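Structure file my_file.cif; described as mmCIF, C-alpha atoms.
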data_entry
loop_
_atom_site.label_atom_id
_atom_site.label_comp_id
_atom_site.auth_asym_id
_atom_site.auth_seq_id
_atom_site.Cartn_x
_atom_site.Cartn_y
_atom_site.Cartn_z
CA MET A 128 -8.21 -5.92 23.02
CA GLY A 129 -5.08 -5.60 25.13
CA GLU A 130 -3.11 -2.51 26.05
CA LYS A 131 -0.63 -2.35 23.19
CA ASP A 132 -0.78 0.35 20.55
CA ALA A 133 -1.97 -0.55 17.07
CA LEU A 134 -0.73 -0.08 13.54
CA GLN A 135 -4.09 -0.46 11.87
CA LEU A 136 -7.77 -0.45 12.75
CA VAL A 137 -10.28 -1.81 10.23
CA LEU A 138 -13.99 -1.05 10.72
CA GLU A 139 -16.74 -2.71 8.68
CA PHE A 140 -20.17 -1.10 8.27
CA PRO A 141 -23.32 -1.59 6.20
CA ASN A 142 -23.11 0.52 3.04
CA ASN A 143 -25.46 3.28 4.18
CA GLU A 144 -24.28 6.57 2.69
CA GLU A 145 -25.83 8.89 5.26
CA MET A 146 -24.54 6.94 8.24
CA LEU A 147 -21.06 6.58 6.72
CA ASN A 148 -20.86 10.30 6.02
CA ASP A 149 -21.67 10.97 9.67
CA ILE A 150 -19.00 8.53 10.83
CA LEU A 151 -16.40 10.03 8.49
CA ALA A 152 -17.34 13.50 9.79
CA ILE A 153 -16.75 12.33 13.37
CA LEU A 154 -13.37 10.87 12.45
CA ARG A 155 -12.39 14.07 10.65
CA SER A 156 -13.56 16.46 13.34
CA LYS A 157 -12.40 14.62 16.45
CA TYR A 158 -9.45 12.49 15.41
CA SER A 159 -7.81 14.07 12.38
CA ALA A 160 -4.91 15.32 14.51
CA GLY A 161 -3.77 11.75 15.12
CA ILE A 162 -5.13 9.52 12.38
CA THR A 163 -5.54 9.19 8.66
CA PHE A 164 -8.13 6.90 7.12
CA TYR A 165 -9.09 5.20 3.89
CA PHE A 166 -12.69 4.47 2.99
CA GLY A 167 -13.84 1.95 0.38
CA SER A 168 -15.85 -1.12 -0.45
CA LYS A 169 -15.25 -4.45 1.19
CA LEU A 170 -14.38 -7.36 -1.10
CA LYS A 171 -16.36 -10.58 -1.38
CA ALA A 172 -16.00 -13.84 -3.29
CA LYS A 173 -17.27 -13.49 -6.86
CA ASN A 174 -19.13 -16.79 -6.50
CA PRO A 175 -19.62 -18.83 -3.33
CA GLY A 176 -16.57 -21.02 -2.74
CA GLU A 177 -14.46 -19.13 -5.30
CA LYS A 178 -11.32 -17.21 -4.37
CA ILE A 179 -11.72 -14.44 -6.93
CA LEU A 180 -12.64 -11.29 -5.02
CA VAL A 181 -14.88 -8.48 -6.27
CA PRO A 182 -16.20 -5.34 -4.51
CA ASP A 183 -19.07 -5.97 -2.08
CA ASN A 184 -21.46 -3.06 -2.50
CA GLU A 185 -23.36 -3.96 0.64
CA ARG A 186 -20.47 -3.44 3.02
CA ALA A 187 -18.03 -0.56 3.48
CA ILE A 188 -14.61 -0.60 5.09
CA ILE A 189 -12.76 2.17 6.89
CA LYS A 190 -9.04 1.54 7.43
CA ILE A 191 -7.53 3.81 10.07
CA ARG A 192 -3.82 4.38 10.61
CA ASN A 193 -1.48 6.87 12.24
CA LYS A 194 -1.61 10.32 10.69
CA PHE A 195 2.02 10.07 9.60
CA ALA A 196 1.56 6.74 7.81
CA SER A 197 2.37 7.34 4.17
CA LYS A 198 3.32 5.00 1.38
CA GLY A 199 5.61 7.71 0.02
CA MET A 200 7.76 7.64 3.15
CA GLY A 201 9.40 4.47 1.94
CA ALA A 202 11.07 6.39 -0.83
CA GLU A 203 12.57 8.92 1.55
CA MET B 205 -2.90 27.62 -15.49
CA SER B 206 -2.50 24.85 -18.02
CA ARG B 207 0.67 22.90 -18.55
CA ASN B 208 1.43 21.17 -21.81
CA ARG B 209 1.11 17.63 -20.43
CA LYS B 210 1.25 14.43 -22.41
CA ALA B 211 1.73 10.76 -21.56
CA ASN B 212 5.26 9.42 -21.91
CA LYS B 213 6.20 5.84 -22.86
CA PHE B 214 5.46 4.61 -19.35
CA GLY B 215 1.95 6.02 -19.42
CA ARG B 216 2.83 8.78 -16.95
CA LYS B 217 1.92 12.39 -17.48
CA THR B 218 4.84 14.66 -18.14
CA GLY B 219 4.99 18.37 -18.61
CA LYS B 220 7.11 21.44 -18.18
CA SER B 221 9.22 21.18 -15.08
CA LEU B 222 8.49 23.58 -12.27
CA LYS B 223 11.53 25.53 -11.20
CA GLY B 224 12.63 24.68 -7.69
CA GLN B 225 9.84 22.21 -7.12
CA ASN B 226 12.03 19.40 -5.94
CA PRO B 227 15.44 20.79 -5.04
CA THR B 228 16.63 17.57 -3.36
CA SER B 229 15.84 15.27 -6.25
CA LYS B 230 19.35 15.46 -7.72
CA LYS B 231 20.78 14.00 -4.53
CA ARG B 232 18.65 10.87 -4.74
CA LYS B 233 20.41 7.65 -5.57
CA PHE B 234 17.44 6.23 -7.46
CA ASN B 235 14.80 7.72 -9.66
CA HIS B 236 11.32 6.71 -8.66
CA PHE B 237 8.75 4.81 -10.66
CA GLY B 238 5.44 4.29 -8.91
CA SER B 239 2.78 2.04 -10.36
CA ASN B 240 -0.73 1.08 -9.48
CA LYS B 241 -1.35 -0.72 -12.74
CA PRO B 242 -2.90 -4.21 -12.46
CA ALA B 243 -0.52 -7.12 -12.75
CA ASN B 244 -1.85 -8.25 -16.10
CA SER B 245 -0.91 -4.90 -17.66
CA TRP B 246 2.78 -5.41 -16.86
CA ASN B 247 4.77 -6.98 -19.66
CA ASP B 248 8.29 -7.52 -20.90
CA ASN B 249 7.90 -4.40 -22.95
CA PHE B 250 8.34 -2.38 -19.75
CA VAL B 251 11.88 -3.75 -19.35
CA ASP B 252 12.65 -3.00 -23.00
CA LEU B 253 11.35 0.53 -22.62
CA LEU B 254 13.42 1.06 -19.49
CA ASN B 255 16.54 -0.24 -21.26
CA GLU B 256 15.81 1.91 -24.29
CA GLU B 257 15.52 4.99 -22.10
CA GLN B 258 18.78 4.19 -20.37
CA LYS B 259 20.69 3.78 -23.64
CA LYS B 260 20.08 7.41 -24.46
CA PRO B 261 23.04 9.52 -23.27
CA LYS B 262 21.15 11.97 -21.04
CA ILE B 263 17.43 12.56 -20.95
CA ILE B 264 14.79 14.06 -18.72
CA ILE B 265 12.66 11.08 -17.79
CA ASN B 266 10.08 12.89 -15.69
CA GLU B 267 10.07 16.62 -16.21
CA TYR B 268 7.16 17.15 -13.84
CA MET B 269 9.20 15.85 -10.90
CA ASN B 270 12.34 17.54 -12.23
CA ILE B 271 14.29 14.28 -12.08
CA LYS B 272 17.02 13.67 -14.63
CA THR B 273 18.49 10.33 -15.48
CA THR B 274 21.57 9.09 -17.25
CA ASN B 275 22.37 5.68 -18.64
CA GLN B 276 24.28 4.92 -15.41
CA GLU B 277 21.35 5.52 -13.09
CA LYS B 278 19.17 2.87 -11.55
CA HIS B 279 15.54 3.21 -10.58
CA LEU B 280 13.52 2.64 -7.46
CA ILE B 281 10.26 1.05 -8.60
CA LYS B 282 7.48 1.11 -6.02
CA LEU B 283 4.34 -0.92 -6.52
CA ASP B 284 1.28 -1.93 -4.58
CA ILE B 285 0.33 -5.55 -3.90
CA ASP B 286 -3.47 -5.87 -3.93
CA GLY B 287 -4.96 -5.34 -7.36
CA THR B 288 -1.54 -4.47 -8.81
CA SER B 289 0.81 -7.39 -8.23
CA THR B 290 -1.66 -10.11 -7.34
CA ASN B 291 -3.95 -12.24 -9.45
CA PRO B 292 -7.70 -11.56 -9.08
CA ASP B 293 -7.75 -13.87 -6.05
CA PHE B 294 -5.64 -11.27 -4.18
CA SER B 295 -3.60 -14.08 -2.62
CA THR B 296 -1.16 -15.20 -5.30
CA LEU B 297 1.51 -13.18 -7.08
CA ASN B 298 1.17 -12.74 -10.83
CA GLN B 299 3.95 -14.91 -12.21
CA LYS B 300 4.55 -12.79 -15.32
CA LEU B 301 5.05 -9.75 -13.12
CA LYS B 302 7.36 -11.75 -10.84
CA ARG B 303 9.64 -12.63 -13.77
CA ILE B 304 9.74 -8.98 -14.85
CA LEU B 305 10.56 -7.77 -11.36
CA GLN B 306 13.33 -10.35 -10.97
CA LYS B 307 14.75 -9.27 -14.33
CA LEU B 308 14.76 -5.65 -13.16
CA VAL B 309 16.47 -6.60 -9.88
CA LYS B 310 19.20 -8.40 -11.85
CA GLN B 311 19.71 -5.22 -13.87
CA GLY B 312 20.38 -3.33 -10.64
CA HIS B 313 17.04 -1.59 -10.12
CA LYS B 314 15.42 -1.58 -6.70
CA ILE B 315 11.89 -2.94 -6.31
CA CYS B 316 9.81 -1.92 -3.33
CA PHE B 317 6.36 -3.16 -2.35
CA THR B 318 4.27 -0.40 -0.74
CA THR B 319 0.98 -1.72 0.60
CA GLY B 320 -1.81 -1.21 3.08
CA ARG B 321 -1.54 -4.88 4.05
CA ASN B 322 -0.09 -5.87 7.38
CA TYR B 323 3.54 -6.94 7.58
CA LEU B 324 3.06 -10.70 7.86
CA SER B 325 0.54 -10.70 5.04
CA ALA B 326 2.85 -8.80 2.68
CA LEU B 327 6.06 -10.68 3.55
CA PRO B 328 5.40 -13.79 1.38
CA PHE B 329 5.19 -11.61 -1.76
CA TYR B 330 8.46 -9.87 -0.84
CA ARG B 331 10.15 -13.26 -0.29
CA GLU B 332 8.68 -14.78 -3.47
CA VAL B 333 10.23 -12.09 -5.65
CA GLY B 334 13.49 -12.34 -3.67
CA LEU B 335 13.83 -8.69 -2.74
CA ASP B 336 16.38 -7.16 -0.38
CA THR B 337 14.88 -3.69 -0.13
CA PHE B 338 12.57 -2.21 2.49
CA LEU B 339 8.93 -3.22 2.74
CA VAL B 340 6.27 -0.53 3.27
CA THR B 341 3.25 -1.97 5.13
CA TYR B 342 0.14 -0.61 6.87
CA ASN B 343 0.21 2.15 4.24
CA GLY B 344 3.53 3.40 5.63
CA ALA B 345 2.85 3.00 9.35
CA TYR B 346 5.47 0.23 9.46
CA ILE B 347 8.50 0.26 7.16
CA ASN B 348 11.41 -2.12 7.59
CA ASN B 349 13.87 -4.24 5.69
CA PRO B 350 13.04 -7.91 6.26
CA SER B 351 15.99 -9.24 4.26
CA GLU B 352 18.71 -11.30 5.90
CA LYS B 353 21.24 -8.53 5.35
CA ALA B 354 19.49 -5.78 7.30
CA ARG B 355 16.70 -6.41 9.76
CA GLU B 356 16.58 -3.09 11.52
CA GLN B 357 13.27 -1.29 11.81
CA VAL B 358 13.09 1.87 9.77
CA VAL B 359 9.76 3.51 10.61
CA VAL B 360 7.05 2.63 13.13
CA ASN B 361 4.03 4.93 13.43
CA PRO B 362 1.50 3.36 15.80
CA MET B 363 -1.85 4.69 17.02
CA ALA B 364 -2.27 4.96 20.78
CA ASN B 365 -4.50 2.32 22.34
CA GLU B 366 -6.58 5.12 23.92
CA VAL B 367 -7.37 6.52 20.48
CA ILE B 368 -8.55 3.10 19.28
CA LYS B 369 -10.76 2.67 22.34
CA SER B 370 -12.17 6.16 21.94
CA ILE B 371 -13.03 5.55 18.26
CA LEU B 372 -14.69 2.22 19.04
CA ASN B 373 -16.72 3.85 21.81
CA GLU B 374 -18.17 6.55 19.57
CA PRO B 375 -21.95 5.91 19.83
CA LEU B 376 -22.60 6.05 16.07
CA ILE B 377 -19.71 3.66 15.37
CA LYS B 378 -20.73 1.32 18.18
CA GLN B 379 -24.34 1.16 16.93
CA ASN B 380 -23.54 0.39 13.29
CA LEU B 381 -20.32 -1.58 13.43
CA CYS B 382 -20.48 -5.02 11.73
CA ASN B 383 -16.88 -6.16 12.25
CA VAL B 384 -13.59 -4.86 13.63
CA MET B 385 -10.02 -5.90 13.02
CA ILE B 386 -7.00 -4.54 14.87
CA ASP B 387 -3.35 -5.09 13.95
CA LYS B 388 -1.34 -4.53 17.11
CA ILE B 389 2.20 -3.22 17.20
CA ASP B 390 3.51 -6.65 18.27
CA ARG B 391 2.19 -8.05 14.93
CA THR B 392 -0.74 -9.84 16.54
CA THR B 393 -4.14 -9.53 14.88
CA ILE B 394 -7.54 -9.51 16.58
CA SER B 395 -10.67 -9.79 14.46
CA THR B 396 -14.38 -10.37 14.92
CA SER B 397 -14.69 -11.84 11.42
CA ASP B 398 -12.80 -14.46 9.47
CA ASP B 399 -14.62 -14.31 6.14
CA ILE B 400 -12.73 -14.56 2.85
CA TYR B 401 -11.92 -10.82 2.73
CA TYR B 402 -10.11 -10.91 6.06
CA GLN B 403 -8.54 -14.28 5.26
CA GLU B 404 -7.05 -13.22 1.95
CA ILE B 405 -6.22 -9.56 2.53
CA PHE B 406 -5.21 -9.49 6.20
CA PHE B 407 -4.50 -12.95 7.59
CA ASN B 408 -2.93 -14.65 4.55
CA GLY B 409 -2.43 -17.87 6.49
CA ASN B 410 -0.95 -16.16 9.56
CA PRO B 411 -2.33 -16.70 13.08
CA TYR B 412 -5.00 -14.33 14.39
CA THR B 413 -7.29 -14.14 17.38
CA LYS B 414 -11.00 -14.28 16.65
CA GLY B 415 -13.29 -12.83 19.26
CA ASP B 416 -15.00 -9.77 20.69
CA ILE B 417 -13.04 -6.54 20.79
#
Whole structure, structure tokens version:
Amino acid sequence: MGEKDALQLVLEFPNNEEMLNDILAILRSKYSAGITFYFGSKLKAKNPGEKILVPDNERAIIKIRNKFASKGMGAE
Amino acid sequence: MSRNRKANKFGRKTGKSLKGQNPTSKKRKFNHFGSNKPANSWNDNFVDLLNEEQKKPKIIINEYMNIKTTNQEKHLIKLDIDGTSTNPDFSTLNQKLKRILQKLVKQGHKICFTTGRNYLSALPFYREVGLDTFLVTYNGAYINNPSEKAREQVVVNPMANEVIKSILNEPLIKQNLCNVMIDKIDRTTISTSDDIYYQEIFFNGNPYTKGDI
């Protein structure tokens, strides 16, 4: 994993609502001072071997970044 | 409290301006257009509408943000990459959109990609359109101008390595985790998976290290 800081951490979980809610609660309660996160479905190939991607309802993704990361900052 | 809001020609909601809501807006060089519309919804009509708006002597283009425009002003147009600028494969740029963006650049507007992708994964789209503006990546954690003219870093907002380790060591996360991917500040990527999602959205042909975290 190395010792350098990171710009993005992506975590992949099974799509289990109860478990994901608990994980999101942990992130909110313990880490919200330093991080911001996005939660959504993973993407998968529409058909095996195809490159068209569609949401994968069996897997969930949490993307974690620095609290101050904001798309709007680019405009400033 | 209800505001009399209706969609303008660009599909954005407008309404009565709020006094003092954005006092610095008049100082901005560009007016801002954000879009998260899919690529196939963009068409040449957008350019015509923009030109039509600019021909009018002085109008309020977005009352909600209290931004005024004149026919001399240029716009900063920010748009996402995945699901907005790409084809459904998420790896190739929609060519119709590319032509429109290049047309807008020629007219003096500024185009800016703002994405959650990592820098190396977003860069080919920036280069394909031929932009010279800044590139917002990692959802704003890393903003710089990759063009030949200016290569200075603008914003870098990393997460401390200790925070990453602490999150990964949370028992509930450790027990249920299927895959992890980390984009380090030196632009290296470590991932436990290399399936099509990671290949297309994060790696995009760039080198990465596959292994245990």
Evaluated on this file, the PyMOL selection byres ((chain B) within 7 of (chain A)) picks out some residues - which ones are they, written as a PyMOL selection string? chain B and resi 292-293+318+340+342-345+347+361-365+376-377+380-389+400-401+417
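Between CA of Val367 in chain B and CA of Thr413 in chain B there is a distance of 20.9 Å.
Compared by their closest atoms to Thr288 in chain B, and using all atoms listed in the file, the residues B:Val309, B:Val251, B:Thr319, B:Asp336 rank with B:Thr319 nearest.
Separating CA of Asp390 in chain B from CA of Thr163 in chain A is a distance of 20.6 Å.
The two atoms in question, CA of Ile285 in chain B and CA of Thr396 in chain B, are spaced 24.4 Å apart.
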Hey, what comes out of the PyMOL selection byres ((chain B and resi 408) around 10) on this file? Could you write it as a PDB file with C-alpha atoms, keeping the file's coordinate frame?
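And here's selection.pdb as it stands now:
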ATOM      1  CA  PHE B 294      -5.640 -11.270  -4.180  1.00  0.00           C
ATOM      2  CA  SER B 295      -3.600 -14.080  -2.620  1.00  0.00           C
ATOM      3  CA  ARG B 321      -1.540  -4.880   4.050  1.00  0.00           C
ATOM      4  CA  ASN B 322      -0.090  -5.870   7.380  1.00  0.00           C
ATOM      5  CA  LEU B 324       3.060 -10.700   7.860  1.00  0.00           C
ATOM      6  CA  SER B 325       0.540 -10.700   5.040  1.00  0.00           C
ATOM      7  CA  ALA B 326       2.850  -8.800   2.680  1.00  0.00           C
ATOM      8  CA  LEU B 327       6.060 -10.680   3.550  1.00  0.00           C
ATOM      9  CA  PRO B 328       5.400 -13.790   1.380  1.00  0.00           C
ATOM     10  CA  ILE B 400     -12.730 -14.560   2.850  1.00  0.00           C
ATOM     11  CA  TYR B 401     -11.920 -10.820   2.730  1.00  0.00           C
ATOM     12  CA  TYR B 402     -10.110 -10.910   6.060  1.00  0.00           C
ATOM     13  CA  GLN B 403      -8.540 -14.280   5.260  1.00  0.00           C
ATOM     14  CA  GLU B 404      -7.050 -13.220   1.950  1.00  0.00           C
ATOM     15  CA  ILE B 405      -6.220  -9.560   2.530  1.00  0.00           C
ATOM     16  CA  PHE B 406      -5.210  -9.490   6.200  1.00  0.00           C
ATOM     17  CA  PHE B 407      -4.500 -12.950   7.590  1.00  0.00           C
ATOM     18  CA  GLY B 409      -2.430 -17.870   6.490  1.00  0.00           C
ATOM     19  CA  ASN B 410      -0.950 -16.160   9.560  1.00  0.00           C
ATOM     20  CA  PRO B 411      -2.330 -16.700  13.080  1.00  0.00           C
TER      21      PRO B 411
END
If we count all atoms listed in the file, what is near range 296-307 of chain B at a cut-off of 12 Å, once residues fewer than 5 positions away on the same chain are taken out, given as a PyMOL selection string? (chain A and resi 178-179) or (chain B and resi 241-252+254-255+280-291+312-317+325-336+404-405+408)
